[in-house]
Amino acid sequence: MFGPLKSLLFLAVLWLPLSFFVWFYLRQLWVQPIAEVSGAIMGRLFDGSFLRVDLEIHEINFVFDIAHDGRIVELAFMVNPLIYGYCLPVLAGLVMATPLSGARRALQLSSGILVLLAVQIFGTVFDALKQMGVKQPDALSMTAGSQGDAEMLRPFLDQVREMTLSAVSADVIAFGYQFGYLVLPAIMPVILWVLFNQAFIRSLVTTEGSELPEAGTAARD
């Protein structure tokens with residue numbers, strides 16, 4: 001009834017909602033390795049100031065020990081890594097819609113998940129750096145001592161900003177954040193699917209009746 005291309009599109013539309021549901025239901029499974037690797041990166045960048053990562057369902061708190069004028073507080077910068085994770089269900093929907101053997105489908109999903117987790121780690125780290133060094137944080141808590149107002153926290157935030165910009169330049173943070181937020185999650189699942197299924201894609205464009213006319217010739221009806 002359908003050609004291979006229409007069948008692919010039809011099945012992808014059917015698989016995508018289920019893929020998004022499974023991805024969100026298992027969100028803590030994806031967030032755990034992102035938190036661990038992102039925390040290790042922060043530990044390397046801010047040795048001595050970075051304390052730990054705390055997980056709150058699917059949100060990551062990067063906790064720092066900040067000293068100013070003889071006072072020490074713990075500041076936690078919160079990042080939601082799921083905003084970079086929609087690439088996972090997109091790839092899953094495309095792979096499930098592609099006619100593959102069970103083994104090849106499992107291989108594509110497992111290798112694709114590893115790559116896309118790296119994409120989310122990239123976005124998560126630069127999101128935290130953006131909050132620390134470039135922009136007022138979207139979600140900030142002081143986890144030691146009494147909760148203070150913005151003016152009381154200002155010297156500590158300035159200390160964090162100086163610490164961050166001495167480790168990574170503002171231009172690098174701005175580029176990394178935009179690239180990790182706008183570009184990588186959108187294009188990586190498609191790039192991976194194309195790389196994984198080049199033979200299938202070639203079969204789509206060489207199906208009888210789908211060839212492009214040669215230059216200087218008229219297309220056949």
# chains A, B, ... in the order shown; residues from 1 in each chain; ligands from 1
call {"tool": "residues_around", "arguments": {"residues": "A:Leu82", "least_positions_apart": "2", "cutoff": "9 Å", "atoms": "only C-alpha atoms", "output": "list in words"}}
result
Phe24, Arg27, Trp30, Val31, His58, Glu59, Val79, Asn80, Tyr84, Gly85, Tyr86 and Gln120 of chain A
call {"tool": "residues_around", "arguments": {"residues": "stretch 194-197 of chain A", "least_positions_apart": "5", "cutoff": "9 Å", "atoms": "only C-alpha atoms", "output": "ChimeraX atom specification"}}
result
/A:95,98,108,189,202
call {"tool": "write_last_selection", "arguments": {"atoms": "N, CA, C and O atoms", "output": "short mmCIF file (atom, residue, chain, number, x, y, z; two decimals), in the first residue's frame"}}
result
data_model
loop_
_atom_site.label_atom_id
_atom_site.label_comp_id
_atom_site.auth_asym_id
_atom_site.auth_seq_id
_atom_site.Cartn_x
_atom_site.Cartn_y
_atom_site.Cartn_z
N VAL A 95 14.92 4.64 14.50
CA VAL A 95 15.48 3.29 14.41
C VAL A 95 14.37 2.25 14.43
O VAL A 95 14.40 1.28 13.66
N THR A 98 12.68 1.88 11.10
CA THR A 98 13.51 1.38 9.99
C THR A 98 13.46 -0.14 9.96
O THR A 98 13.57 -0.79 11.00
N GLN A 108 22.20 -0.38 17.04
CA GLN A 108 22.04 1.04 16.74
C GLN A 108 21.53 1.82 17.94
O GLN A 108 22.00 2.93 18.22
N PRO A 189 20.58 13.06 16.42
CA PRO A 189 19.85 11.82 16.14
C PRO A 189 19.69 11.55 14.65
O PRO A 189 19.76 10.40 14.21
N ARG A 202 20.10 4.54 0.69
CA ARG A 202 20.38 4.38 -0.75
C ARG A 202 19.25 3.63 -1.44
O ARG A 202 18.88 3.94 -2.58
#
call {"tool": "atom_distance", "arguments": {"atom1": "atom CA of A:Phe122", "atom2": "atom CA of A:Phe62"}}
result
14.6 Å
call {"tool": "atom_distance", "arguments": {"atom1": "atom CA of A:Val63", "atom2": "atom CA of A:Lys135"}}
result
17.4 Å
call {"tool": "closest_atom_pairs", "arguments": {"of": "stretch 2-91 of chain A", "to": "stretch 109-112 of chain A", "cutoff": "12 Å", "atoms": "only C-alpha atoms", "output": "tab-separated table"}}
result
residue	atom	partner	partner_atom	distance
A:Ser19	CA	A:Leu109	CA	11.8
A:Cys87	CA	A:Gly112	CA	9.8
A:Leu88	CA	A:Gly112	CA	8.0
A:Pro89	CA	A:Leu109	CA	10.1
A:Val90	CA	A:Gly112	CA	10.8
A:Leu91	CA	A:Gly112	CA	7.5
call {"tool": "residues_around", "arguments": {"residues": "A:Phe156", "least_positions_apart": "6", "cutoff": "10 Å", "atoms": "only C-alpha atoms", "output": "PDB file with all heavy atoms, in the first residue's frame"}}
result
ATOM      1  N   ASP A  65      31.531  24.800  47.275  1.00  0.00           N
ATOM      2  CA  ASP A  65      31.895  25.376  48.576  1.00  0.00           C
ATOM      3  C   ASP A  65      32.571  26.718  48.307  1.00  0.00           C
ATOM      4  O   ASP A  65      33.695  26.769  47.817  1.00  0.00           O
ATOM      5  CB  ASP A  65      32.859  24.412  49.282  1.00  0.00           C
ATOM      6  CG  ASP A  65      32.895  24.648  50.771  1.00  0.00           C
ATOM      7  OD1 ASP A  65      32.162  25.526  51.244  1.00  0.00           O
ATOM      8  OD2 ASP A  65      33.664  23.957  51.459  1.00  0.00           O
ATOM      9  N   ILE A  66      31.883  27.830  48.626  1.00  0.00           N
ATOM     10  CA  ILE A  66      32.351  29.169  48.268  1.00  0.00           C
ATOM     11  C   ILE A  66      32.663  29.958  49.540  1.00  0.00           C
ATOM     12  O   ILE A  66      31.840  30.043  50.456  1.00  0.00           O
ATOM     13  CB  ILE A  66      31.280  29.923  47.441  1.00  0.00           C
ATOM     14  CG1 ILE A  66      30.873  29.085  46.227  1.00  0.00           C
ATOM     15  CG2 ILE A  66      31.815  31.273  47.012  1.00  0.00           C
ATOM     16  CD1 ILE A  66      31.999  28.746  45.283  1.00  0.00           C
ATOM     17  N   ALA A  67      33.869  30.532  49.574  1.00  0.00           N
ATOM     18  CA  ALA A  67      34.316  31.320  50.727  1.00  0.00           C
ATOM     19  C   ALA A  67      34.381  32.794  50.346  1.00  0.00           C
ATOM     20  O   ALA A  67      34.836  33.152  49.260  1.00  0.00           O
ATOM     21  CB  ALA A  67      35.683  30.831  51.205  1.00  0.00           C
ATOM     22  N   HIS A  68      33.926  33.643  51.259  1.00  0.00           N
ATOM     23  CA  HIS A  68      34.017  35.101  51.049  1.00  0.00           C
ATOM     24  C   HIS A  68      34.029  35.787  52.404  1.00  0.00           C
ATOM     25  O   HIS A  68      33.128  35.564  53.238  1.00  0.00           O
ATOM     26  CB  HIS A  68      32.834  35.595  50.214  1.00  0.00           C
ATOM     27  CG  HIS A  68      32.876  37.076  49.984  1.00  0.00           C
ATOM     28  ND1 HIS A  68      33.733  37.665  49.082  1.00  0.00           N
ATOM     29  CD2 HIS A  68      32.165  38.082  50.561  1.00  0.00           C
ATOM     30  CE1 HIS A  68      33.556  38.971  49.096  1.00  0.00           C
ATOM     31  NE2 HIS A  68      32.607  39.253  49.987  1.00  0.00           N
ATOM     32  N   ASP A  69      35.044  36.622  52.627  1.00  0.00           N
ATOM     33  CA  ASP A  69      35.180  37.378  53.876  1.00  0.00           C
ATOM     34  C   ASP A  69      35.090  36.480  55.110  1.00  0.00           C
ATOM     35  O   ASP A  69      34.400  36.804  56.092  1.00  0.00           O
ATOM     36  CB  ASP A  69      34.103  38.470  53.946  1.00  0.00           C
ATOM     37  CG  ASP A  69      34.395  39.613  52.995  1.00  0.00           C
ATOM     38  OD1 ASP A  69      35.554  39.715  52.530  1.00  0.00           O
ATOM     39  OD2 ASP A  69      33.476  40.391  52.710  1.00  0.00           O
ATOM     40  N   ARG A  71      33.572  33.735  55.496  1.00  0.00           N
ATOM     41  CA  ARG A  71      32.361  32.932  55.603  1.00  0.00           C
ATOM     42  C   ARG A  71      32.307  31.942  54.446  1.00  0.00           C
ATOM     43  O   ARG A  71      32.662  32.273  53.317  1.00  0.00           O
ATOM     44  CB  ARG A  71      31.118  33.824  55.587  1.00  0.00           C
ATOM     45  CG  ARG A  71      29.844  33.033  55.856  1.00  0.00           C
ATOM     46  CD  ARG A  71      28.627  33.917  55.861  1.00  0.00           C
ATOM     47  NE  ARG A  71      27.430  33.134  56.119  1.00  0.00           N
ATOM     48  CZ  ARG A  71      26.197  33.607  56.001  1.00  0.00           C
ATOM     49  NH1 ARG A  71      26.016  34.857  55.630  1.00  0.00           N
ATOM     50  NH2 ARG A  71      25.151  32.835  56.246  1.00  0.00           N
ATOM     51  N   ILE A  72      31.852  30.736  54.727  1.00  0.00           N
ATOM     52  CA  ILE A  72      31.777  29.684  53.715  1.00  0.00           C
ATOM     53  C   ILE A  72      30.328  29.213  53.602  1.00  0.00           C
ATOM     54  O   ILE A  72      29.675  28.932  54.612  1.00  0.00           O
ATOM     55  CB  ILE A  72      32.679  28.494  54.080  1.00  0.00           C
ATOM     56  CG1 ILE A  72      34.139  28.932  54.151  1.00  0.00           C
ATOM     57  CG2 ILE A  72      32.522  27.369  53.058  1.00  0.00           C
ATOM     58  CD1 ILE A  72      35.084  27.836  54.599  1.00  0.00           C
ATOM     59  N   VAL A  73      29.836  29.169  52.372  1.00  0.00           N
ATOM     60  CA  VAL A  73      28.501  28.632  52.110  1.00  0.00           C
ATOM     61  C   VAL A  73      28.590  27.621  50.983  1.00  0.00           C
ATOM     62  O   VAL A  73      29.555  27.593  50.205  1.00  0.00           O
ATOM     63  CB  VAL A  73      27.488  29.739  51.732  1.00  0.00           C
ATOM     64  CG1 VAL A  73      27.343  30.753  52.846  1.00  0.00           C
ATOM     65  CG2 VAL A  73      27.896  30.411  50.421  1.00  0.00           C
ATOM     66  N   GLU A  74      27.583  26.786  50.909  1.00  0.00           N
ATOM     67  CA  GLU A  74      27.448  25.855  49.798  1.00  0.00           C
ATOM     68  C   GLU A  74      26.389  26.396  48.851  1.00  0.00           C
ATOM     69  O   GLU A  74      25.246  26.602  49.236  1.00  0.00           O
ATOM     70  CB  GLU A  74      27.045  24.464  50.290  1.00  0.00           C
ATOM     71  CG  GLU A  74      28.112  23.750  51.097  1.00  0.00           C
ATOM     72  CD  GLU A  74      27.683  22.365  51.531  1.00  0.00           C
ATOM     73  OE1 GLU A  74      26.609  21.913  51.067  1.00  0.00           O
ATOM     74  OE2 GLU A  74      28.400  21.737  52.324  1.00  0.00           O
ATOM     75  N   LEU A  75      26.784  26.634  47.612  1.00  0.00           N
ATOM     76  CA  LEU A  75      25.853  27.100  46.584  1.00  0.00           C
ATOM     77  C   LEU A  75      25.593  25.965  45.606  1.00  0.00           C
ATOM     78  O   LEU A  75      26.530  25.319  45.129  1.00  0.00           O
ATOM     79  CB  LEU A  75      26.420  28.307  45.843  1.00  0.00           C
ATOM     80  CG  LEU A  75      26.610  29.587  46.655  1.00  0.00           C
ATOM     81  CD1 LEU A  75      27.185  30.684  45.768  1.00  0.00           C
ATOM     82  CD2 LEU A  75      25.304  30.041  47.282  1.00  0.00           C
ATOM     83  N   GLU A 162      33.923  34.942  39.030  1.00  0.00           N
ATOM     84  CA  GLU A 162      35.364  35.102  38.821  1.00  0.00           C
ATOM     85  C   GLU A 162      36.055  33.743  38.697  1.00  0.00           C
ATOM     86  O   GLU A 162      36.914  33.549  37.839  1.00  0.00           O
ATOM     87  CB  GLU A 162      35.970  35.901  39.983  1.00  0.00           C
ATOM     88  CG  GLU A 162      35.534  37.351  40.033  1.00  0.00           C
ATOM     89  CD  GLU A 162      36.070  38.070  41.262  1.00  0.00           C
ATOM     90  OE1 GLU A 162      36.929  37.461  41.964  1.00  0.00           O
ATOM     91  OE2 GLU A 162      35.661  39.211  41.520  1.00  0.00           O
TER      92      GLU A 162
END
call {"tool": "atom_distance", "arguments": {"atom1": "atom CA of A:Val183", "atom2": "atom CA of A:Phe46"}}
result
26.8 Å
call {"tool": "residues_around", "arguments": {"residues": "A:Ile34", "least_positions_apart": "4", "cutoff": "10 Å", "atoms": "only C-alpha atoms", "output": "PyMOL selection string"}}
result
chain A and resi 28-30+38-40+60+81+117-122+124-125
call {"tool": "write_last_selection", "arguments": {"atoms": "C-alpha atoms", "output": "mmCIF file, in the first residue's frame"}}
result
data_model
loop_
_atom_site.group_PDB
_atom_site.id
_atom_site.type_symbol
_atom_site.label_atom_id
_atom_site.label_comp_id
_atom_site.auth_asym_id
_atom_site.auth_seq_id
_atom_site.Cartn_x
_atom_site.Cartn_y
_atom_site.Cartn_z
ATOM 1 C CA GLN A 28 16.248 8.817 36.182
ATOM 2 C CA LEU A 29 18.077 6.031 34.334
ATOM 3 C CA TRP A 30 19.457 8.550 31.820
ATOM 4 C CA SER A 38 29.260 16.039 34.573
ATOM 5 C CA GLY A 39 30.295 16.025 38.227
ATOM 6 C CA ALA A 40 33.682 14.552 37.311
ATOM 7 C CA ILE A 60 21.068 17.931 38.879
ATOM 8 C CA PRO A 81 19.423 17.693 31.624
ATOM 9 C CA LEU A 117 24.319 10.807 26.469
ATOM 10 C CA ALA A 118 27.589 12.564 25.618
ATOM 11 C CA VAL A 119 25.522 15.269 23.878
ATOM 12 C CA GLN A 120 23.485 15.723 27.065
ATOM 13 C CA ILE A 121 26.611 15.857 29.218
ATOM 14 C CA PHE A 122 27.994 18.583 26.951
ATOM 15 C CA THR A 124 24.486 20.065 31.000
ATOM 16 C CA VAL A 125 28.045 21.191 31.755
#
call {"tool": "select_by_dssp", "arguments": {"residues": "stretch 30-216 of chain A", "states": "strand (DSSP E or B)", "output": "VMD selection string"}}
result
chain A and resid 50 to 56 59 to 68 71 to 79 140 to 142
call {"tool": "select_by_dssp", "arguments": {"residues": "chain A", "states": "alpha helix (DSSP H)", "output": "VMD selection string"}}
result
chain A and resid 4 to 25 27 to 45 87 to 97 102 to 133 150 to 167 170 to 178 184 to 196 198 to 205
call {"tool": "write_last_selection", "arguments": {"atoms": "C-alpha atoms", "output": "short mmCIF file (atom, residue, chain, number, x, y, z; two decimals), in the first residue's frame"}}
result
data_model
loop_
_atom_site.label_atom_id
_atom_site.label_comp_id
_atom_site.auth_asym_id
_atom_site.auth_seq_id
_atom_site.Cartn_x
_atom_site.Cartn_y
_atom_site.Cartn_z
CA PRO A 4 9.30 2.44 1.59
CA LEU A 5 9.60 6.17 2.27
CA LYS A 6 5.95 6.62 3.18
CA SER A 7 6.10 3.50 5.33
CA LEU A 8 9.12 4.90 7.17
CA LEU A 9 7.39 8.22 7.84
CA PHE A 10 4.17 6.51 8.93
CA LEU A 11 5.95 4.17 11.34
CA ALA A 12 8.11 7.00 12.71
CA VAL A 13 4.97 8.99 13.54
CA LEU A 14 3.61 5.95 15.39
CA TRP A 15 6.83 5.17 17.25
CA LEU A 16 7.78 8.70 18.36
CA PRO A 17 5.03 9.17 21.02
CA LEU A 18 5.83 5.78 22.56
CA SER A 19 9.55 6.56 22.48
CA PHE A 20 8.99 9.87 24.28
CA PHE A 21 6.83 8.15 26.90
CA VAL A 22 9.45 5.46 27.61
CA TRP A 23 12.26 8.04 27.65
CA PHE A 24 10.46 10.24 30.19
CA TYR A 25 9.32 7.28 32.31
CA ARG A 27 14.35 9.63 33.00
CA GLN A 28 16.25 8.82 36.18
CA LEU A 29 18.08 6.03 34.33
CA TRP A 30 19.46 8.55 31.82
CA VAL A 31 20.16 11.29 34.36
CA GLN A 32 22.34 9.18 36.65
CA PRO A 33 25.32 8.74 34.27
CA ILE A 34 24.96 12.35 33.10
CA ALA A 35 25.24 13.53 36.70
CA GLU A 36 28.27 11.35 37.42
CA VAL A 37 30.26 12.36 34.33
CA SER A 38 29.26 16.04 34.57
CA GLY A 39 30.30 16.03 38.23
CA ALA A 40 33.68 14.55 37.31
CA ILE A 41 34.18 17.31 34.73
CA MET A 42 33.26 19.99 37.26
CA GLY A 43 35.67 18.43 39.73
CA ARG A 44 38.49 18.75 37.22
CA LEU A 45 37.61 22.34 36.34
CA CYS A 87 17.36 13.49 20.97
CA LEU A 88 17.12 10.01 22.54
CA PRO A 89 13.45 9.34 21.72
CA VAL A 90 13.88 10.92 18.28
CA LEU A 91 16.64 8.46 17.42
CA ALA A 92 14.68 5.58 18.98
CA GLY A 93 11.62 6.42 16.88
CA LEU A 94 13.65 6.56 13.67
CA VAL A 95 15.48 3.29 14.41
CA MET A 96 12.29 1.46 15.36
CA ALA A 97 10.62 2.65 12.14
CA GLY A 102 16.57 -7.30 16.00
CA ALA A 103 20.35 -7.45 16.47
CA ARG A 104 21.05 -4.43 14.24
CA ARG A 105 18.27 -2.45 15.89
CA ALA A 106 19.67 -3.19 19.36
CA LEU A 107 23.20 -2.27 18.21
CA GLN A 108 22.04 1.04 16.74
CA LEU A 109 20.04 1.95 19.83
CA SER A 110 22.82 1.06 22.29
CA SER A 111 25.56 2.88 20.37
CA GLY A 112 23.29 5.83 19.67
CA ILE A 113 22.37 6.16 23.34
CA LEU A 114 26.04 6.38 24.30
CA VAL A 115 26.67 9.18 21.79
CA LEU A 116 23.53 11.08 22.76
CA LEU A 117 24.32 10.81 26.47
CA ALA A 118 27.59 12.56 25.62
CA VAL A 119 25.52 15.27 23.88
CA GLN A 120 23.48 15.72 27.07
CA ILE A 121 26.61 15.86 29.22
CA PHE A 122 27.99 18.58 26.95
CA GLY A 123 24.79 20.61 27.24
CA THR A 124 24.49 20.07 31.00
CA VAL A 125 28.04 21.19 31.76
CA PHE A 126 27.78 24.33 29.64
CA ASP A 127 24.36 25.11 31.13
CA ALA A 128 25.92 25.06 34.59
CA LEU A 129 28.88 27.16 33.42
CA LYS A 130 26.48 29.66 31.87
CA GLN A 131 24.65 30.05 35.18
CA MET A 132 27.90 30.35 37.11
CA GLY A 133 29.84 32.71 34.86
CA ALA A 150 19.88 38.31 46.69
CA GLU A 151 22.06 41.08 48.13
CA MET A 152 23.55 38.77 50.74
CA LEU A 153 24.32 36.18 48.06
CA ARG A 154 25.81 38.71 45.64
CA PRO A 155 29.42 38.55 46.91
CA PHE A 156 29.35 34.76 46.73
CA LEU A 157 27.92 34.83 43.20
CA ASP A 158 30.62 37.29 42.17
CA GLN A 159 33.19 34.91 43.60
CA VAL A 160 31.70 32.06 41.57
CA ARG A 161 31.70 34.21 38.42
CA GLU A 162 35.36 35.10 38.82
CA MET A 163 36.24 31.48 39.51
CA THR A 164 34.32 30.30 36.44
CA LEU A 165 35.70 32.87 34.00
CA SER A 166 39.24 32.14 35.15
CA ALA A 167 38.67 28.48 34.20
CA ALA A 170 32.92 33.80 28.53
CA ASP A 171 33.04 33.38 24.74
CA VAL A 172 33.65 29.64 25.03
CA ILE A 173 30.82 29.30 27.55
CA ALA A 174 28.40 31.27 25.36
CA PHE A 175 29.29 29.27 22.24
CA GLY A 176 29.20 25.93 24.05
CA TYR A 177 25.84 26.67 25.64
CA GLN A 178 24.20 27.76 22.38
CA LEU A 184 23.49 19.16 18.95
CA PRO A 185 20.23 17.73 20.34
CA ALA A 186 18.39 18.60 17.13
CA ILE A 187 20.82 17.27 14.52
CA MET A 188 22.67 14.41 16.22
CA PRO A 189 19.85 11.82 16.14
CA VAL A 190 19.36 12.42 12.42
CA ILE A 191 23.10 12.27 11.73
CA LEU A 192 23.41 9.02 13.66
CA TRP A 193 20.41 7.47 11.90
CA VAL A 194 21.86 8.38 8.50
CA LEU A 195 25.28 6.96 9.42
CA PHE A 196 23.73 3.76 10.75
CA GLN A 198 23.24 4.30 4.64
CA ALA A 199 22.31 1.15 2.71
CA PHE A 200 18.63 1.59 3.54
CA ILE A 201 18.73 5.27 2.56
CA ARG A 202 20.38 4.38 -0.75
CA SER A 203 17.58 1.88 -1.37
CA LEU A 204 15.03 4.65 -0.81
CA VAL A 205 16.54 6.94 -3.44
#
